[in-house]
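Right, one structure below, let's go through it.
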Amino acid sequence: MPDTTITLDVFRFQPDGGGHARRSTDGPTFKAYRVPYHEHWVVLDALNWIKDELDGTLSYRWSCRMGVCGSCGMMVNGVPKLTCAAFLKDYYPGTIRVEPLTYFAVERDLIVDMDGFLGKLKSVKPWLIRENEKPVDEGEYLQSPNELASFKQYSMCINCLLCYAACPVVGAEEDFIGPAALAIAQRYNLDSRDQGAAERADALSADEGAWGCTFVGECSEVCPKNVDPAGAIQRVKVDNVKDWYRKLLMPWGHR
Amino acid sequence: MTFKKSNEAFWWSLFSAGGVLSAMFLPAFVVISGYVLPNQSSADPGRAPYEHIHGIVSWWPVRVLLFGVIAFTFFHVAHRIRHVVNDLGWRHHTAPLSLVCYGGAFAGAGTAAWLLLTLPSVAQ
Ligand code: SF4
Ligand code: FES
């Protein structure tokens, strides 16, 4: 081990005892690990080192190590971060506390249960909806660079859920659809190839949808891909207000 | 998932109108009524600041504009306070909270309307 080390205080919770003779009722604990300090290491490197060298039972998700897959999100000193992008040098020489993403149920150690999010995502129908699908031999749905630019930012989301862990409304309202799913819904509503806005309207215009947002803005602060979910939600609100007055003034209209 | 229909769109539209109007007009109002007119009037002792402002305000387009800015700003504030209190933890059974916030805004807007309507015009 090099002379310099850094300590990681890691959240541990293994409901099945982790293969050891632990009672399944054992609650979560923190365990401190001393790991070698390298300037170019990120928190994920340190976790991998712990798993390889100290404790193979440590469980967490990761894949790409380059901010693309979105699976390595954790709380690092209380802030939601991609651990593959959180450098040890930014915390050295202090201790780094690593926890699972806030507001999510923990399955094991640093792994959270994403099912609730996936259900919310599905509820906004995040795919292209067409009234009539044109036959394949008529070719693609063409799009101008401007049409692409109108939603591209919102399509950069990697479902890392950092924005959920940052949002107090997510913590307070279990059914709040949440920042990423709302931004993704807006991404499809803005897509010139999509005709599904009416099908998404029930979810988006509900209290659980955009109106759950109290514009705290933390989602956009922590987003590693500059998706700006807070801005997307504001746009959902504006669209929703237009719909609301249109319905009020022209109740005979379609929507 | 089932979704609850929301009427937030209406309250939010008042909120955002109030945000836009107050951001646009309030700084100008403060500068005009708090600085420009009093200073101008002291250079022109024949005209006291109160009479000067009174003359401007009693012009009907100004009354209407003032009412718009004041009323929407009340709703802006009401909506913001309601959500801040929500964020502080009062999230369920919030009917009394909404009543106080928006009721207050209605009362404020009504008072403004009454004052502006009953303000006597001054002969210019
Ligand atoms: S919006 Fe940003 S923070 Fe939220 S899941 Fe997508 S990439 Fe992550
Ligand atoms: S490991 Fe893929 S985003 Fe961090």
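Residues in the structure tokens are named by chain (A, B, ... in the order shown) and by number from 1 within that chain; ligands are numbered from 1 in the order shown.
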Q.
At a cut-off of 6 Å and counting only C-alpha atoms and all ligand atoms, what residues surround ligand 2? Please answer as JSON, numbers by chain.
A. {"A": [62, 63, 64, 65, 66, 67, 68, 69, 70, 71, 72, 82, 83, 84]}
Using only C-alpha atoms, select each residue of chain B with any atom at most 12 Å away from an atom of chain A, and give the selection as a PDB file with C-alpha atoms, in the first residue's frame.
ATOM      1  CA  MET B   1     -50.402   4.432 -11.844  1.00  0.00           C
ATOM      2  CA  THR B   2     -53.496   6.536 -11.335  1.00  0.00           C
ATOM      3  CA  PHE B   3     -53.311  10.290 -11.443  1.00  0.00           C
ATOM      4  CA  LYS B   4     -55.235  12.987  -9.646  1.00  0.00           C
ATOM      5  CA  LYS B   5     -56.570  15.789 -11.832  1.00  0.00           C
ATOM      6  CA  SER B   6     -54.971  19.026 -10.796  1.00  0.00           C
ATOM      7  CA  ASN B   7     -56.137  22.642 -10.848  1.00  0.00           C
ATOM      8  CA  GLU B   8     -52.654  23.912 -10.188  1.00  0.00           C
ATOM      9  CA  ALA B   9     -52.535  25.190 -13.767  1.00  0.00           C
ATOM     10  CA  PHE B  10     -54.904  28.000 -12.827  1.00  0.00           C
ATOM     11  CA  TRP B  11     -53.111  29.079  -9.645  1.00  0.00           C
ATOM     12  CA  TRP B  12     -49.760  28.726 -11.294  1.00  0.00           C
ATOM     13  CA  SER B  13     -50.822  30.951 -14.188  1.00  0.00           C
ATOM     14  CA  LEU B  14     -51.708  33.712 -11.685  1.00  0.00           C
ATOM     15  CA  PHE B  15     -48.406  33.047  -9.941  1.00  0.00           C
ATOM     16  CA  SER B  16     -46.374  33.355 -13.089  1.00  0.00           C
ATOM     17  CA  ALA B  17     -48.285  36.417 -14.317  1.00  0.00           C
ATOM     18  CA  HIS B  79     -48.723  30.746  -4.243  1.00  0.00           C
ATOM     19  CA  ARG B  80     -45.075  30.989  -3.255  1.00  0.00           C
ATOM     20  CA  ILE B  81     -45.887  31.017   0.459  1.00  0.00           C
ATOM     21  CA  ARG B  82     -48.188  28.039   0.033  1.00  0.00           C
ATOM     22  CA  HIS B  83     -45.425  26.056  -1.634  1.00  0.00           C
ATOM     23  CA  VAL B  84     -42.768  27.089   0.843  1.00  0.00           C
ATOM     24  CA  VAL B  85     -45.024  25.858   3.653  1.00  0.00           C
ATOM     25  CA  ASN B  86     -45.587  22.637   1.664  1.00  0.00           C
ATOM     26  CA  ASP B  87     -41.833  22.227   1.384  1.00  0.00           C
ATOM     27  CA  LEU B  88     -41.450  22.808   5.106  1.00  0.00           C
ATOM     28  CA  GLY B  89     -43.601  19.760   5.723  1.00  0.00           C
ATOM     29  CA  TRP B  90     -47.304  20.669   5.639  1.00  0.00           C
ATOM     30  CA  ARG B  91     -48.191  18.562   2.613  1.00  0.00           C
ATOM     31  CA  HIS B  92     -51.505  16.901   3.395  1.00  0.00           C
TER      32      HIS B  92
END
(Q) So, with only C-alpha atoms and all ligand atoms as the atoms that count, which of A:Gly196, A:Gly139, A:Pro179, A:Pro36 lies closest to ligand 1? (A)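 For ligand 1, the nearest of the given residues is A:Pro179.
Residue nearest ligand 1, chosen from A:Val42, A:Ala166, A:Ile50, A:Val136 and counting only C-alpha atoms and all ligand atoms: A:Ala166.
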Q | Surrounding residues of stretch 30-39 of chain B excluding itself and chain neighbours under 5 positions, 12 Å, only C-alpha atoms, as a list in words | A |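 My reading of the contact set: Ser22, Ala23, Met24, Phe25, Asp44, Pro45, Arg47, Ala48, Pro49, Tyr50, Glu51, His52, Ile53, His54, Gly55, Ile56 and Val57 of chain B.
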Q. Could you pull the residues within 9 Å of stretch 157-165 of chain A, counting only C-alpha atoms, minus those fewer than 6 positions along the same chain, as a ChimeraX atom specification?
A. /A:67-75,79-82,101-104,114,117,171,178-181,183-184,218-227,229
Q) Which parts of stretch 10-225 of chain A does DSSP call alpha helix (DSSP H) when run on the backbone here, written out as number ranges by chain? A) A: 43-49, 115-123, 145-152, 162-166, 168-172, 179-189, 197-204, 218-222
Q: Among the residues of stretch 20-240 of chain A, find those DSSP assigns to strand (DSSP E) from the backbone and print them as a ChimeraX atom specification.
A: /A:29-36,73-76,79-82,96-99,106-108,111-112
Q: Just the residues within 9 Å of A:Gln186, please, counting only C-alpha atoms, with nothing from its chain fewer than 6 positions along; format it as number ranges by chain.
A: A: 151, 154, 197, 204, 232-233, 235-236
